[in-house]
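Asker: Let me begin by handing over the structure; questions about it come next.
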Amino acid sequence: METSALLLLEGLTFGYDESPLFDNLDLDFLEGSLVLLRGKNGAGKTTLCDILTGVLKADLRRCLWRDKEIKQEDLRLLVAYASQEPEFFPALSGMENLHLLQLLSNETPSYREWGLSGVDLERKQVGNYSGGMRQKLWIAAHLATSREFVILDEPFTHLDDETAGQIARMLHIDPRTRLLVSHQIPEGIEFSDVIDLIGEEEE
(Lines give C-alpha, C1' and ligand atoms only; values in the text may rest on other atoms or scores of the structure.)
Protein backbone atom coordinates (compact mmCIF):
# COMPACT_ATOMS: atom_id res chain seq x y z
CA MET A 1 0.00 0.00 0.00
CA GLU A 2 1.45 3.33 -1.09
CA THR A 3 2.13 5.86 1.68
CA SER A 4 0.54 9.26 1.13
CA ALA A 5 2.13 12.64 1.73
CA LEU A 6 1.42 14.43 4.98
CA LEU A 7 2.91 17.70 3.68
CA LEU A 8 3.60 18.71 0.10
CA LEU A 9 5.31 21.93 -0.98
CA GLU A 10 5.56 22.72 -4.69
CA GLY A 11 7.66 25.40 -6.36
CA LEU A 12 9.27 26.66 -3.15
CA THR A 13 11.38 29.75 -3.85
CA PHE A 14 13.07 31.84 -1.17
CA GLY A 15 16.10 34.09 -0.88
CA TYR A 16 17.65 37.13 0.73
CA ASP A 17 18.57 40.36 -1.08
CA GLU A 18 17.49 39.01 -4.47
CA SER A 19 19.86 36.05 -4.07
CA PRO A 20 17.79 32.83 -4.21
CA LEU A 21 18.52 30.26 -1.52
CA PHE A 22 15.86 27.88 -2.85
CA ASP A 23 14.60 28.02 -6.43
CA ASN A 24 11.49 26.09 -7.51
CA LEU A 25 12.03 23.36 -4.93
CA ASP A 26 9.48 20.53 -4.56
CA LEU A 27 9.30 18.70 -1.21
CA ASP A 28 7.01 15.99 0.08
CA PHE A 29 7.05 14.41 3.52
CA LEU A 30 5.30 11.04 3.70
CA GLU A 31 3.11 9.91 6.58
CA GLY A 32 5.22 8.27 9.27
CA SER A 33 8.55 8.91 7.54
CA LEU A 34 11.84 9.76 9.25
CA VAL A 35 13.77 12.20 7.05
CA LEU A 36 17.32 13.52 7.46
CA LEU A 37 18.09 17.10 6.38
CA ARG A 38 21.79 17.73 5.95
CA GLY A 39 24.13 20.31 4.44
CA LYS A 40 26.98 22.64 5.21
CA ASN A 41 26.56 25.68 7.44
CA GLY A 42 24.91 28.40 5.38
CA ALA A 43 23.15 25.93 3.07
CA GLY A 44 19.75 26.94 4.43
CA LYS A 45 18.81 24.14 6.84
CA THR A 46 17.44 26.42 9.55
CA THR A 47 15.76 28.66 6.95
CA LEU A 48 13.98 25.63 5.48
CA CYS A 49 12.83 24.59 8.97
CA ASP A 50 11.46 28.09 9.53
CA ILE A 51 9.52 27.83 6.26
CA LEU A 52 8.17 24.38 7.16
CA THR A 53 6.89 25.73 10.47
CA GLY A 54 5.30 28.87 9.00
CA VAL A 55 7.78 31.25 10.62
CA LEU A 56 9.09 32.44 7.24
CA LYS A 57 6.93 32.86 4.16
CA ALA A 58 8.23 31.57 0.84
CA ASP A 59 6.86 31.80 -2.69
CA LEU A 60 4.92 28.58 -3.32
CA ARG A 61 2.73 27.21 -6.06
CA ARG A 62 0.98 24.91 -3.63
CA CYS A 63 1.08 23.99 0.06
CA LEU A 64 -0.90 20.81 0.78
CA TRP A 65 -1.59 19.07 4.09
CA ARG A 66 -3.05 15.62 3.44
CA ASP A 67 -4.02 16.74 -0.07
CA LYS A 68 -5.86 19.82 1.19
CA GLU A 69 -4.60 23.29 0.34
CA ILE A 70 -3.61 25.33 3.39
CA LYS A 71 -1.99 28.70 4.05
CA GLN A 72 1.68 28.69 4.96
CA GLU A 73 1.00 30.34 8.31
CA ASP A 74 -1.29 27.41 9.23
CA LEU A 75 1.84 25.26 9.54
CA ARG A 76 2.54 26.91 12.90
CA LEU A 77 -0.42 25.01 14.31
CA LEU A 78 0.47 21.70 12.67
CA VAL A 79 4.23 21.30 13.09
CA ALA A 80 6.23 20.96 16.33
CA TYR A 81 9.71 22.49 16.01
CA ALA A 82 12.50 21.96 18.51
CA SER A 83 14.98 24.59 17.32
CA GLN A 84 18.72 24.17 17.75
CA GLU A 85 18.95 26.34 20.88
CA PRO A 86 16.56 25.54 23.76
CA GLU A 87 14.42 28.57 24.57
CA PHE A 88 13.49 28.64 28.25
CA PHE A 89 13.01 31.28 30.93
CA PRO A 90 16.14 30.72 33.07
CA ALA A 91 14.59 32.00 36.32
CA LEU A 92 11.75 29.45 36.15
CA SER A 93 11.88 25.77 37.01
CA GLY A 94 11.73 23.09 34.36
CA MET A 95 8.11 22.30 35.16
CA GLU A 96 7.12 25.99 35.08
CA ASN A 97 8.70 26.30 31.64
CA LEU A 98 6.87 23.17 30.46
CA HIS A 99 3.57 24.59 31.68
CA LEU A 100 4.21 27.73 29.62
CA LEU A 101 4.95 25.64 26.52
CA GLN A 102 1.75 23.72 27.22
CA LEU A 103 -0.27 26.96 27.28
CA LEU A 104 1.34 28.22 24.07
CA SER A 105 0.66 24.96 22.21
CA ASN A 106 -2.78 24.45 23.77
CA GLU A 107 -1.86 20.89 24.72
CA THR A 108 -1.67 18.79 27.90
CA PRO A 109 1.08 16.24 27.23
CA SER A 110 2.42 13.89 29.91
CA TYR A 111 6.08 14.85 30.27
CA ARG A 112 6.69 12.19 32.90
CA GLU A 113 6.42 9.56 30.17
CA TRP A 114 9.70 10.94 28.86
CA GLY A 115 11.62 10.56 32.13
CA LEU A 116 11.17 14.18 33.19
CA SER A 117 10.44 14.14 36.91
CA GLY A 118 12.08 14.72 40.26
CA VAL A 119 13.40 17.62 42.30
CA ASP A 120 15.42 19.15 39.43
CA LEU A 121 12.33 19.45 37.27
CA GLU A 122 10.06 20.75 40.03
CA ARG A 123 12.34 23.13 41.94
CA LYS A 124 15.60 23.84 40.14
CA GLN A 125 15.81 26.91 37.89
CA VAL A 126 16.50 26.04 34.25
CA GLY A 127 19.35 28.57 34.29
CA ASN A 128 21.16 26.18 36.63
CA TYR A 129 20.61 23.11 34.43
CA SER A 130 23.49 21.54 32.55
CA GLY A 131 23.48 21.89 28.76
CA GLY A 132 22.51 18.23 28.45
CA MET A 133 19.53 18.56 30.82
CA ARG A 134 18.25 21.65 29.00
CA GLN A 135 18.55 19.82 25.68
CA LYS A 136 16.76 16.72 26.96
CA LEU A 137 13.97 18.85 28.42
CA TRP A 138 13.60 20.76 25.13
CA ILE A 139 13.48 17.65 22.94
CA ALA A 140 11.13 15.72 25.23
CA ALA A 141 8.74 18.68 25.47
CA HIS A 142 8.34 18.71 21.68
CA LEU A 143 8.14 14.94 21.27
CA ALA A 144 5.37 14.88 23.90
CA THR A 145 3.04 17.03 21.77
CA SER A 146 0.27 15.53 19.63
CA ARG A 147 1.31 17.36 16.44
CA GLU A 148 1.78 14.99 13.55
CA PHE A 149 4.94 16.52 12.07
CA VAL A 150 7.95 17.00 14.36
CA ILE A 151 11.18 18.81 13.39
CA LEU A 152 14.29 18.41 15.56
CA ASP A 153 17.25 20.70 14.81
CA GLU A 154 20.56 19.25 16.10
CA PRO A 155 18.85 17.30 18.91
CA PHE A 156 21.96 15.42 20.04
CA THR A 157 24.04 18.50 20.91
CA HIS A 158 25.32 18.49 24.53
CA LEU A 159 23.98 14.96 25.12
CA ASP A 160 26.03 12.04 26.42
CA ASP A 161 25.94 8.78 24.49
CA GLU A 162 23.33 7.20 26.77
CA THR A 163 20.88 10.12 26.50
CA ALA A 164 21.48 10.47 22.75
CA GLY A 165 20.65 6.78 22.40
CA GLN A 166 17.46 7.28 24.42
CA ILE A 167 16.36 10.15 22.13
CA ALA A 168 17.26 8.06 19.07
CA ARG A 169 15.05 5.21 20.33
CA MET A 170 12.19 7.67 20.91
CA LEU A 171 12.54 8.84 17.31
CA HIS A 172 12.70 5.31 15.97
CA ILE A 173 9.41 4.18 17.55
CA ASP A 174 7.52 7.46 17.03
CA PRO A 175 4.85 6.82 14.36
CA ARG A 176 4.61 10.45 13.21
CA THR A 177 6.39 12.24 10.38
CA ARG A 178 9.80 13.37 11.65
CA LEU A 179 12.47 15.64 10.14
CA LEU A 180 15.90 15.46 11.74
CA VAL A 181 18.59 18.10 11.16
CA SER A 182 21.84 16.77 12.56
CA HIS A 183 25.57 16.36 12.05
CA GLN A 184 25.60 13.70 14.77
CA ILE A 185 23.70 10.50 13.99
CA PRO A 186 23.62 7.85 16.73
CA GLU A 187 23.76 4.22 15.69
CA GLY A 188 20.51 2.48 14.93
CA ILE A 189 18.64 5.30 13.17
CA GLU A 190 17.39 4.39 9.70
CA PHE A 191 16.02 7.16 7.49
CA SER A 192 13.20 6.92 4.96
CA ASP A 193 14.71 9.73 2.91
CA VAL A 194 17.58 12.24 2.91
CA ILE A 195 17.43 15.88 1.78
CA ASP A 196 20.85 17.27 0.81
CA LEU A 197 21.23 21.07 0.67
CA ILE A 198 24.28 22.34 -1.18
CA GLY A 199 25.81 25.50 0.29
CA GLU A 200 28.51 27.56 -1.37
CA GLU A 201 30.18 28.83 1.78
CA GLU A 202 30.68 27.84 5.39
CA GLU A 203 29.33 30.25 8.01
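So you can find residues: chains in the C-alpha coordinates are A, B, ... in the order shown, residues in each start at 1, and ligands are numbered from 1 in order.
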Select from stretch 38-164 of chain A everything DSSP, run on the backbone, classes as alpha helix (DSSP H), then give the selection as a count of residues only.

Answerer: 42

Asker: Give me, as a list in words, the residues of stretch 73-196 of chain A that a backbone DSSP run labels strand (DSSP E).

Answerer: Val79, Ala80, Tyr81, Ala82, Phe149, Val150, Ile151, Leu152, Asp153, Thr177, Arg178, Leu179, Leu180, Val181, Asp193, Val194, Ile195 and Asp196 of chain A

Asker: Distance table requested - stretch 74-164 of chain A against stretch 30-53 of chain A, cut-off 9 Å, only C-alpha atoms: one row per qualifying residue with the closest atom pair and its distance in Å to one decimal, ordered by chain and rising residue number, as a Markdown table.

Answerer:
```
| residue | atom | partner | partner_atom | distance |
| --- | --- | --- | --- | --- |
| A:Asp74 | CA | A:Thr53 | CA | 8.4 |
| A:Leu75 | CA | A:Thr53 | CA | 5.2 |
| A:Arg76 | CA | A:Thr53 | CA | 5.1 |
| A:Leu77 | CA | A:Thr53 | CA | 8.3 |
| A:Leu78 | CA | A:Thr53 | CA | 7.9 |
| A:Val79 | CA | A:Thr53 | CA | 5.8 |
| A:Ala80 | CA | A:Thr53 | CA | 7.6 |
| A:Tyr81 | CA | A:Thr53 | CA | 7.0 |
| A:Ser83 | CA | A:Thr46 | CA | 8.4 |
| A:Gln84 | CA | A:Thr46 | CA | 8.6 |
| A:Glu148 | CA | A:Gly32 | CA | 8.7 |
| A:Phe149 | CA | A:Gly32 | CA | 8.7 |
| A:Ile151 | CA | A:Cys49 | CA | 7.5 |
| A:Asp153 | CA | A:Thr46 | CA | 7.8 |
```

Asker: Which neighbours of stretch 120-124 of chain A fall inside 8 Å, counting only C-alpha atoms, when residues of the same chain fewer than 6 positions from it are skipped, and could you give them as JSON, numbers by chain?

Answerer: {"A": [92, 93, 94, 95, 96]}

Asker: How many Å lie between atom CA of A:Ile173 and atom CA of A:Ser130, rounded to one decimal?

Answerer: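 We find that atom CA of A:Ile173 and atom CA of A:Ser130 lie 26.9 Å from each other.
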
Asker: Separation of atom CA of A:Trp65 and atom CA of A:Val150, in Å?

Answerer: 14.2 Å

Asker: A:Ala58, A:Gly127, A:Asp161, A:Thr145: which is nearest A:Leu104, counting only C-alpha atoms?

Answerer: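 Of all the options, A:Thr145 lies closest to A:Leu104.
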
Asker: Nearest to A:Asn106: which of A:Ala140, A:Lys57, A:Glu69, A:Ser146 is it, counting only C-alpha atoms?

Answerer: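 With only C-alpha atoms as the atom set, the closest residue is A:Ser146.
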
Asker: Rounded to one decimal, what separation in Å do you get between atom CA of A:Gln135 and atom CA of A:Ala82?

Answerer: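 Interatomic distance, atom CA of A:Gln135 to atom CA of A:Ala82: 9.6 Å.
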
Asker: Of the candidates A:Glu87, A:Asp26, A:Glu10, A:Asp174, which shows the shortest atom-to-atom distance to A:Leu143, using only C-alpha atoms?

Answerer: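 Residue with the minimum atom-to-atom distance to A:Leu143: A:Asp174.
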
Asker: Excluding A:Lys136 and residues on its chain fewer than 2 positions from it, collect all residues at most 9 Å away from it, counting only C-alpha atoms, and give them as JSON, numbers by chain.

Answerer: {"A": [116, 131, 132, 133, 134, 138, 139, 140, 141, 155, 156, 159, 163, 164, 167]}

Asker: Save out the residues we just selected, N, CA and C atoms, as an mmCIF file, in the first residue's frame.

Answerer:
```cif
data_model
loop_
_atom_site.group_PDB
_atom_site.id
_atom_site.type_symbol
_atom_site.label_atom_id
_atom_site.label_comp_id
_atom_site.auth_asym_id
_atom_site.auth_seq_id
_atom_site.Cartn_x
_atom_site.Cartn_y
_atom_site.Cartn_z
ATOM 1 N N LEU A 116 10.967 12.843 32.643
ATOM 2 C CA LEU A 116 11.173 14.180 33.190
ATOM 3 C C LEU A 116 10.398 14.305 34.499
ATOM 4 N N GLY A 131 23.892 21.812 30.170
ATOM 5 C CA GLY A 131 23.485 21.886 28.765
ATOM 6 C C GLY A 131 22.739 20.642 28.330
ATOM 7 N N GLY A 132 23.161 19.473 28.818
ATOM 8 C CA GLY A 132 22.506 18.231 28.452
ATOM 9 C C GLY A 132 21.089 18.136 28.992
ATOM 10 N N MET A 133 20.875 18.602 30.239
ATOM 11 C CA MET A 133 19.534 18.555 30.824
ATOM 12 C C MET A 133 18.595 19.504 30.099
ATOM 13 N N ARG A 134 19.081 20.703 29.754
ATOM 14 C CA ARG A 134 18.246 21.649 28.995
ATOM 15 C C ARG A 134 17.855 21.055 27.645
ATOM 16 N N TRP A 138 14.090 20.113 26.344
ATOM 17 C CA TRP A 138 13.603 20.765 25.126
ATOM 18 C C TRP A 138 13.084 19.734 24.122
ATOM 19 N N ILE A 139 13.869 18.676 23.894
ATOM 20 C CA ILE A 139 13.477 17.647 22.942
ATOM 21 C C ILE A 139 12.243 16.894 23.432
ATOM 22 N N ALA A 140 12.254 16.483 24.689
ATOM 23 C CA ALA A 140 11.131 15.716 25.226
ATOM 24 C C ALA A 140 9.847 16.528 25.212
ATOM 25 N N ALA A 141 9.931 17.824 25.485
ATOM 26 C CA ALA A 141 8.745 18.680 25.471
ATOM 27 C C ALA A 141 8.089 18.693 24.105
ATOM 28 N N PRO A 155 19.347 17.731 17.596
ATOM 29 C CA PRO A 155 18.847 17.301 18.906
ATOM 30 C C PRO A 155 19.883 16.636 19.806
ATOM 31 N N PHE A 156 21.002 16.175 19.239
ATOM 32 C CA PHE A 156 21.957 15.421 20.043
ATOM 33 C C PHE A 156 23.090 16.274 20.606
ATOM 34 N N LEU A 159 24.472 16.177 24.484
ATOM 35 C CA LEU A 159 23.983 14.958 25.118
ATOM 36 C C LEU A 159 25.088 13.908 25.202
ATOM 37 N N THR A 163 22.074 9.301 26.735
ATOM 38 C CA THR A 163 20.883 10.121 26.498
ATOM 39 C C THR A 163 20.604 10.250 25.011
ATOM 40 N N ALA A 164 21.666 10.399 24.206
ATOM 41 C CA ALA A 164 21.479 10.469 22.751
ATOM 42 C C ALA A 164 20.836 9.187 22.237
ATOM 43 N N ILE A 167 17.088 9.293 23.074
ATOM 44 C CA ILE A 167 16.359 10.149 22.132
ATOM 45 C C ILE A 167 16.221 9.445 20.785
#
```

Asker: I'd like to know which of A:Arg62, A:Asp28, A:Tyr129, A:Val119 is closest to A:Leu179, using only C-alpha atoms.

Answerer: A:Asp28

Asker: For each of A:Val194, A:Leu27, A:Val126, A:Leu171, take the minimum atom-to-atom distance to A:Ala91, counting only C-alpha atoms, then give the residue where this is smallest.

Answerer: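 Comparing A:Val194, A:Leu27, A:Val126, A:Leu171 against A:Ala91, the winner is A:Val126.
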